[in-house]
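Enquirer: Handing over protein_14.cif, mmCIF, C-alpha atoms and all ligand atoms.
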```cif
data_start
loop_
_atom_site.label_atom_id
_atom_site.label_comp_id
_atom_site.auth_asym_id
_atom_site.auth_seq_id
_atom_site.Cartn_x
_atom_site.Cartn_y
_atom_site.Cartn_z
CA MET A 1 -43.99 89.19 -128.69
CA ASN A 2 -45.52 87.20 -125.83
CA PRO A 3 -43.38 86.16 -122.87
CA PRO A 4 -42.07 82.58 -123.10
CA THR A 5 -44.17 79.90 -121.46
CA GLY A 6 -41.95 76.83 -121.82
CA ARG A 7 -40.43 76.69 -118.29
CA GLY A 8 -42.99 77.85 -115.74
CA THR A 9 -43.27 81.49 -114.76
CA ALA A 10 -41.71 83.85 -117.29
CA VAL A 11 -39.25 86.31 -115.75
CA SER A 12 -38.31 89.68 -117.19
CA ILE A 13 -34.58 90.38 -117.39
CA SER A 14 -35.04 93.47 -115.20
CA SER A 15 -36.72 91.30 -112.52
CA LEU A 16 -33.85 88.85 -112.71
CA VAL A 17 -31.33 91.65 -112.15
CA THR A 18 -33.38 92.99 -109.22
CA ALA A 19 -33.54 89.53 -107.65
CA ALA A 20 -29.77 89.16 -107.95
CA ALA A 21 -29.31 92.34 -105.91
CA CYS A 22 -32.12 91.64 -103.39
CA PRO A 23 -35.00 89.15 -103.84
CA LEU A 24 -37.08 91.08 -101.29
CA ARG A 25 -36.80 94.18 -103.43
CA LEU A 26 -38.29 92.21 -106.32
CA TRP A 27 -41.14 91.14 -104.03
CA TYR A 28 -41.87 94.78 -103.12
CA ALA A 29 -41.49 95.88 -106.75
CA LYS A 30 -44.12 93.36 -107.87
CA SER A 31 -46.78 95.48 -106.18
CA GLY A 32 -44.96 98.79 -105.89
CA GLY A 33 -45.60 100.39 -109.31
CA SER A 34 -42.94 102.02 -111.48
CA PRO A 35 -40.61 104.73 -110.21
CA PRO A 36 -41.06 108.19 -111.87
CA PRO A 37 -39.10 108.71 -115.12
CA GLY A 38 -35.61 110.05 -114.58
CA ARG A 39 -32.05 109.31 -115.56
CA TYR A 40 -32.79 106.20 -117.62
CA ALA A 41 -35.46 108.03 -119.67
CA VAL A 42 -32.91 110.74 -120.50
CA CYS A 43 -30.05 108.35 -121.31
CA ARG A 44 -32.20 106.04 -123.41
CA GLN A 45 -33.47 108.84 -125.65
CA LEU A 46 -30.08 110.50 -125.98
CA SER A 47 -28.54 107.16 -126.94
CA GLU A 48 -31.04 106.91 -129.80
CA HIS A 49 -29.34 109.89 -131.47
CA LEU A 50 -25.67 109.43 -130.62
CA GLY A 51 -23.56 109.93 -133.69
CA SER A 52 -26.32 111.72 -135.58
CA GLY A 53 -25.85 115.33 -134.40
CA VAL A 54 -29.41 116.01 -133.19
CA SER A 55 -29.82 119.12 -130.98
CA ARG A 56 -30.37 118.89 -127.22
CA GLU A 57 -33.68 120.76 -127.58
CA THR A 58 -34.97 118.08 -129.95
CA VAL A 59 -33.86 115.28 -127.62
CA TRP A 60 -35.49 117.04 -124.65
CA GLU A 61 -38.75 117.55 -126.59
CA GLU A 62 -38.78 113.85 -127.42
CA ILE A 63 -38.14 112.89 -123.78
CA CYS A 64 -41.04 115.13 -122.67
CA ALA A 65 -43.31 113.65 -125.35
CA ILE A 66 -42.49 110.09 -124.22
CA HIS A 67 -42.56 110.88 -120.48
CA PRO A 68 -44.88 113.88 -119.94
CA ASP A 69 -44.36 113.61 -116.16
CA ILE A 70 -40.56 113.94 -116.22
CA SER A 71 -39.20 116.66 -113.94
CA PRO A 72 -37.61 119.70 -115.72
CA GLU A 73 -34.57 119.24 -113.45
CA PHE A 74 -33.43 116.43 -115.76
CA TYR A 75 -32.71 118.94 -118.56
CA GLY A 76 -29.42 119.74 -116.76
CA PHE A 77 -28.61 116.03 -116.58
CA LEU A 78 -29.25 115.72 -120.34
CA ASP A 79 -26.90 118.64 -120.94
CA ALA A 80 -24.13 116.98 -118.89
CA CYS A 81 -24.62 113.65 -120.69
CA ILE A 82 -24.39 115.31 -124.10
CA GLY A 83 -21.11 116.94 -123.02
CA SER A 84 -19.65 113.55 -121.99
CA CYS A 85 -20.90 111.70 -125.06
CA ARG A 86 -19.33 114.28 -127.39
CA ASN A 87 -15.90 113.12 -126.23
CA ASN A 88 -16.53 109.69 -127.72
CA SER A 89 -16.51 109.41 -131.52
CA SER A 90 -17.14 105.66 -131.68
CA TRP A 91 -20.96 105.58 -131.47
CA ILE A 92 -22.35 103.11 -134.01
CA PRO A 93 -25.84 103.68 -135.48
CA PRO A 94 -27.91 100.56 -134.66
CA ASP A 95 -29.84 98.52 -137.23
CA GLU A 96 -32.82 98.20 -134.86
CA THR A 97 -33.85 99.62 -131.49
CA ASP A 98 -36.16 98.46 -128.68
CA VAL A 99 -36.20 94.89 -129.91
CA PRO A 100 -38.28 92.38 -127.85
CA VAL A 101 -36.33 89.18 -127.22
CA LYS A 102 -36.89 86.01 -125.23
CA SER A 103 -35.40 82.64 -124.35
CA GLU A 104 -37.77 79.68 -124.20
CA LYS A 105 -34.96 77.62 -122.70
CA PHE A 106 -34.61 79.82 -119.62
CA GLY A 107 -38.07 81.41 -119.54
CA ILE A 108 -36.83 85.00 -119.70
CA TYR A 109 -37.76 87.99 -121.82
CA GLY A 110 -36.77 91.62 -122.26
CA ILE A 111 -36.18 94.46 -124.70
CA VAL A 112 -32.76 95.06 -126.21
CA ASP A 113 -32.00 98.76 -126.57
CA LYS A 114 -29.92 98.49 -129.76
CA LEU A 115 -29.31 95.66 -132.17
CA TYR A 116 -26.54 95.42 -134.82
CA ARG A 117 -26.37 92.94 -137.70
CA ASP A 118 -22.73 92.07 -136.91
CA GLU A 119 -20.33 92.59 -134.02
CA PRO A 120 -20.81 94.12 -131.47
CA PHE A 121 -24.30 92.51 -131.96
CA PHE A 122 -26.19 94.57 -129.35
CA SER A 123 -25.91 97.24 -126.72
CA ILE A 124 -27.76 98.24 -123.57
CA VAL A 125 -28.09 101.76 -122.17
CA ARG A 126 -27.23 102.48 -118.56
CA PRO A 127 -27.93 105.71 -116.68
CA SER A 128 -25.05 105.22 -114.22
CA GLN A 129 -21.45 106.36 -114.36
CA ALA A 130 -18.98 103.73 -115.50
CA PRO A 131 -17.03 101.81 -112.86
CA ALA A 132 -13.31 102.63 -112.70
CA ALA A 133 -12.61 99.45 -114.71
CA GLY A 134 -14.72 96.73 -116.28
CA LEU A 135 -18.46 96.52 -115.68
CA TYR A 136 -20.82 96.28 -112.72
CA HIS A 137 -22.00 92.75 -111.84
CA SER A 138 -25.56 93.79 -112.62
CA ASP A 139 -24.59 94.88 -116.13
CA ARG A 140 -22.67 91.64 -116.76
CA LEU A 141 -25.87 89.86 -115.70
CA ARG A 142 -27.96 91.91 -118.14
CA ILE A 143 -25.55 91.18 -121.00
CA THR A 144 -25.49 87.46 -120.11
CA ALA A 145 -29.29 87.28 -120.15
CA TYR A 146 -29.63 89.16 -123.46
CA THR A 147 -26.86 87.05 -124.99
CA PHE A 148 -28.81 83.86 -124.13
CA CYS A 149 -31.95 85.35 -125.73
CA LEU A 150 -30.15 86.48 -128.88
CA GLN A 151 -28.30 83.17 -129.24
CA GLU A 152 -31.65 81.40 -129.21
CA LEU A 153 -33.06 83.81 -131.79
CA PHE A 154 -30.06 84.25 -134.11
CA GLY A 155 -27.41 81.64 -133.25
CA GLU A 156 -24.42 80.81 -131.09
CA HIS A 157 -22.19 83.31 -132.89
CA ILE A 158 -23.62 86.04 -130.62
CA THR A 159 -20.91 86.16 -127.97
CA GLY A 160 -21.78 89.28 -126.00
CA GLY A 161 -22.63 92.94 -126.31
CA LEU A 162 -21.87 96.49 -125.24
CA VAL A 163 -22.83 98.56 -122.22
CA GLU A 164 -23.25 102.31 -122.82
CA TYR A 165 -22.55 104.29 -119.64
CA ILE A 166 -24.17 107.45 -120.99
CA PRO A 167 -23.38 109.91 -118.14
CA ASP A 168 -19.66 109.31 -118.81
CA GLY A 169 -19.97 108.79 -122.58
CA ILE A 170 -18.15 105.46 -122.13
CA VAL A 171 -18.89 102.18 -123.91
CA ARG A 172 -17.54 98.85 -122.63
CA GLN A 173 -17.74 95.40 -124.16
CA CYS A 174 -18.88 92.35 -122.20
CA ILE A 175 -18.27 88.75 -123.27
CA PRO A 176 -20.01 86.56 -120.65
CA GLN A 177 -17.79 84.04 -118.87
CA PRO A 178 -18.72 80.88 -116.89
CA ILE A 179 -18.92 82.89 -113.65
CA ASP A 180 -21.47 85.23 -115.32
CA ARG A 181 -23.55 82.26 -116.46
CA ARG A 182 -23.43 80.81 -112.92
CA ARG A 183 -24.60 84.13 -111.48
CA PHE A 184 -27.33 84.25 -114.13
CA ILE A 185 -28.68 80.81 -113.16
CA ARG A 186 -28.60 81.68 -109.45
CA ALA A 187 -30.48 84.93 -110.11
CA LEU A 188 -33.01 83.15 -112.34
CA HIS A 189 -33.87 80.62 -109.60
CA SER A 190 -34.17 83.43 -107.08
CA ALA A 191 -36.44 85.52 -109.33
CA LYS A 192 -38.67 82.56 -110.25
CA LYS A 193 -39.21 81.71 -106.57
CA VAL A 194 -40.36 85.26 -105.88
CA MET A 195 -42.58 85.39 -108.99
CA ASP A 196 -44.13 82.07 -107.89
CA GLY A 197 -45.12 83.61 -104.55
CA THR A 198 -42.33 82.74 -102.09
CA ILE A 199 -41.73 85.64 -99.69
CA PRO A 200 -37.96 86.15 -99.44
CA ALA A 201 -36.25 86.45 -96.06
CA LYS A 202 -35.24 89.96 -95.05
CA PRO A 203 -31.48 90.48 -95.52
CA SER A 204 -29.60 91.34 -92.33
CA ARG A 205 -28.39 94.60 -93.92
CA ALA A 206 -31.94 95.98 -94.29
CA PRO A 207 -32.96 98.70 -94.72
CA CYS A 208 -30.68 100.16 -97.41
CA THR A 209 -30.78 103.95 -97.68
CA TRP A 210 -30.68 103.99 -101.49
CA CYS A 211 -33.64 101.61 -101.93
CA ARG A 212 -37.07 103.05 -102.72
CA PHE A 213 -38.65 100.43 -100.45
CA SER A 214 -36.45 101.21 -97.42
CA ASP A 215 -39.37 102.66 -95.42
CA ARG A 216 -41.17 99.29 -95.62
CA CYS A 217 -38.04 97.25 -95.02
CA VAL A 218 -37.41 97.76 -91.30
CA PRO A 219 -35.23 95.40 -89.21
CA GLY A 220 -36.86 92.25 -87.83
CA GLY A 221 -38.73 89.36 -89.40
CA THR A 222 -40.67 89.79 -92.60
CA ARG A 223 -44.38 90.03 -91.82
CA LEU A 224 -47.00 89.77 -94.52
CA SER A 225 -48.29 93.22 -93.51
CA ASP A 226 -44.83 94.69 -94.29
CA LEU A 227 -45.08 93.36 -97.78
CA LEU A 228 -48.59 94.33 -98.82
S1 LIG B 1 -34.09 98.11 -98.27
FE1 LIG B 1 -32.37 96.75 -98.83
S2 LIG B 1 -32.95 94.73 -98.02
FE2 LIG B 1 -34.84 95.99 -98.08
S3 LIG B 1 -35.78 95.56 -100.08
FE3 LIG B 1 -34.48 97.34 -100.35
S4 LIG B 1 -32.52 96.49 -101.09
FE4 LIG B 1 -33.66 94.80 -100.15
#
```
If you took the structure in this file and wrote it as structure tokens, what would it be?
Expert:
Amino acid sequence: MNPPTGRGTAVSISSLVTAAACPLRLWYAKSGGSPPPGRYAVCRQLSEHLGSGVSRETVWEEICAIHPDISPEFYGFLDACIGSCRNNSSWIPPDETDVPVKSEKFGIYGIVDKLYRDEPFFSIVRPSQAPAAGLYHSDRLRITAYTFCLQELFGEHITGGLVEYIPDGIVRQCIPQPIDRRRFIRALHSAKKVMDGTIPAKPSRAPCTWCRFSDRCVPGGTRLSDLL
């Protein structure tokens, strides 16, 4: 499936989520390459088998086949995730996985991890622990974006989806609300500006220790040489 072309630059849902957190990070990521495979690679492949009783060795072999450069240290993480996911007996086998979706209306595209014919309609896999209650803003944004795409493809009856917090074996439902749709539109504008070539201002909090671009994001004005 080709990205939508109806409303200017097409934006991936992952770019939109990055822009919502920090537009400058999206600017760096545009030229920064992909991070090495890690927690998401493990969680995504484990999620594929939840509820089917496949052995951890088989899941690990599949992860290594898909990501030959994954570090062996993630085997322990897989083991811990399997332990958490065993405590949940409500995993539903999907009807389809890795489904490309898009919205011509908003000019966004992405890949839905799991699709179901009926409720809960779809789910996304997250490699983070679940928040104490509810969902992270970034995950509500993901669900809002995928809901827009699926509504355009299948109809307005798609009201939301699930978030699988694999390290905790917890699944939470998200039905987007007006505030989520407002945040979505704000993030979309922000991401489109960056994709169209506008260099974002450096946030006053920079650099952030957890960000993979923190060494390039030093205090002071944003110079072009910092960004290239
Ligand atoms: S270090 Fe912080 S401010 Fe700089 S790009 Fe990363 S998230 Fe943004």
Enquirer: Around ligand LIG 1 (chain B), out to 7 Å and counting all atoms listed in the file, which residues are there? I want them as a list in words.
Expert: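 Listed by chain and ascending number, the contacts are Cys22, Pro23, Leu24, Arg25, Tyr28, Lys202, Pro203, Arg205, Ala206, Pro207, Cys208, Thr209, Cys211, Arg212, Phe213, Ser214 and Cys217 of chain A.
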Enquirer: Could you write out that same residue set with C-alpha atoms as an mmCIF file, in the frame of the given file?
Expert:
```
data_model
loop_
_atom_site.group_PDB
_atom_site.id
_atom_site.type_symbol
_atom_site.label_atom_id
_atom_site.label_comp_id
_atom_site.auth_asym_id
_atom_site.auth_seq_id
_atom_site.Cartn_x
_atom_site.Cartn_y
_atom_site.Cartn_z
ATOM 1 C CA CYS A 22 -32.120 91.640 -103.390
ATOM 2 C CA PRO A 23 -35.000 89.150 -103.840
ATOM 3 C CA LEU A 24 -37.080 91.080 -101.290
ATOM 4 C CA ARG A 25 -36.800 94.180 -103.430
ATOM 5 C CA TYR A 28 -41.870 94.780 -103.120
ATOM 6 C CA LYS A 202 -35.240 89.960 -95.050
ATOM 7 C CA PRO A 203 -31.480 90.480 -95.520
ATOM 8 C CA ARG A 205 -28.390 94.600 -93.920
ATOM 9 C CA ALA A 206 -31.940 95.980 -94.290
ATOM 10 C CA PRO A 207 -32.960 98.700 -94.720
ATOM 11 C CA CYS A 208 -30.680 100.160 -97.410
ATOM 12 C CA THR A 209 -30.780 103.950 -97.680
ATOM 13 C CA CYS A 211 -33.640 101.610 -101.930
ATOM 14 C CA ARG A 212 -37.070 103.050 -102.720
ATOM 15 C CA PHE A 213 -38.650 100.430 -100.450
ATOM 16 C CA SER A 214 -36.450 101.210 -97.420
ATOM 17 C CA CYS A 217 -38.040 97.250 -95.020
#
```
Enquirer: Just checking: using all atoms listed in the file, which residue out of A:Arg181, A:Arg186, A:Lys105, A:Arg140 ends up closest to A:Val163?
Expert: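 With all atoms listed in the file as the atom set, the closest residue is A:Arg140.
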Enquirer: Looking at A:Ile70, A:Cys174, A:Ala65, A:Ile111, which one is nearest to A:Gly38, with distances taken over all atoms listed in the file?
Expert: A:Ile70
Enquirer: Out of A:Ala187, A:Val99, A:Val194, A:Ile82, which residue has the shortest atom-to-atom distance to A:Gly169 when counting all atoms listed in the file?
Expert: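 The closest residue to A:Gly169 is A:Ile82.
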Enquirer: What does the distance between atom CA of A:Thr147 and atom CA of A:Tyr40 come to in Å, to one decimal place?
Expert: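 So the two atoms, atom CA of A:Thr147 and atom CA of A:Tyr40, lie 21.4 Å apart.
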Enquirer: Would you mind telling me which residue in A:Glu152, A:Asp139, A:Asp180, A:Asp215 lies nearest to A:Ser14 when using all atoms listed in the file?
Expert: A:Asp139
Enquirer: Could you please determine the separation between atom CA of A:Val11 and atom CA of A:Leu188 in Å, to one decimal place?
Expert: 7.8 Å
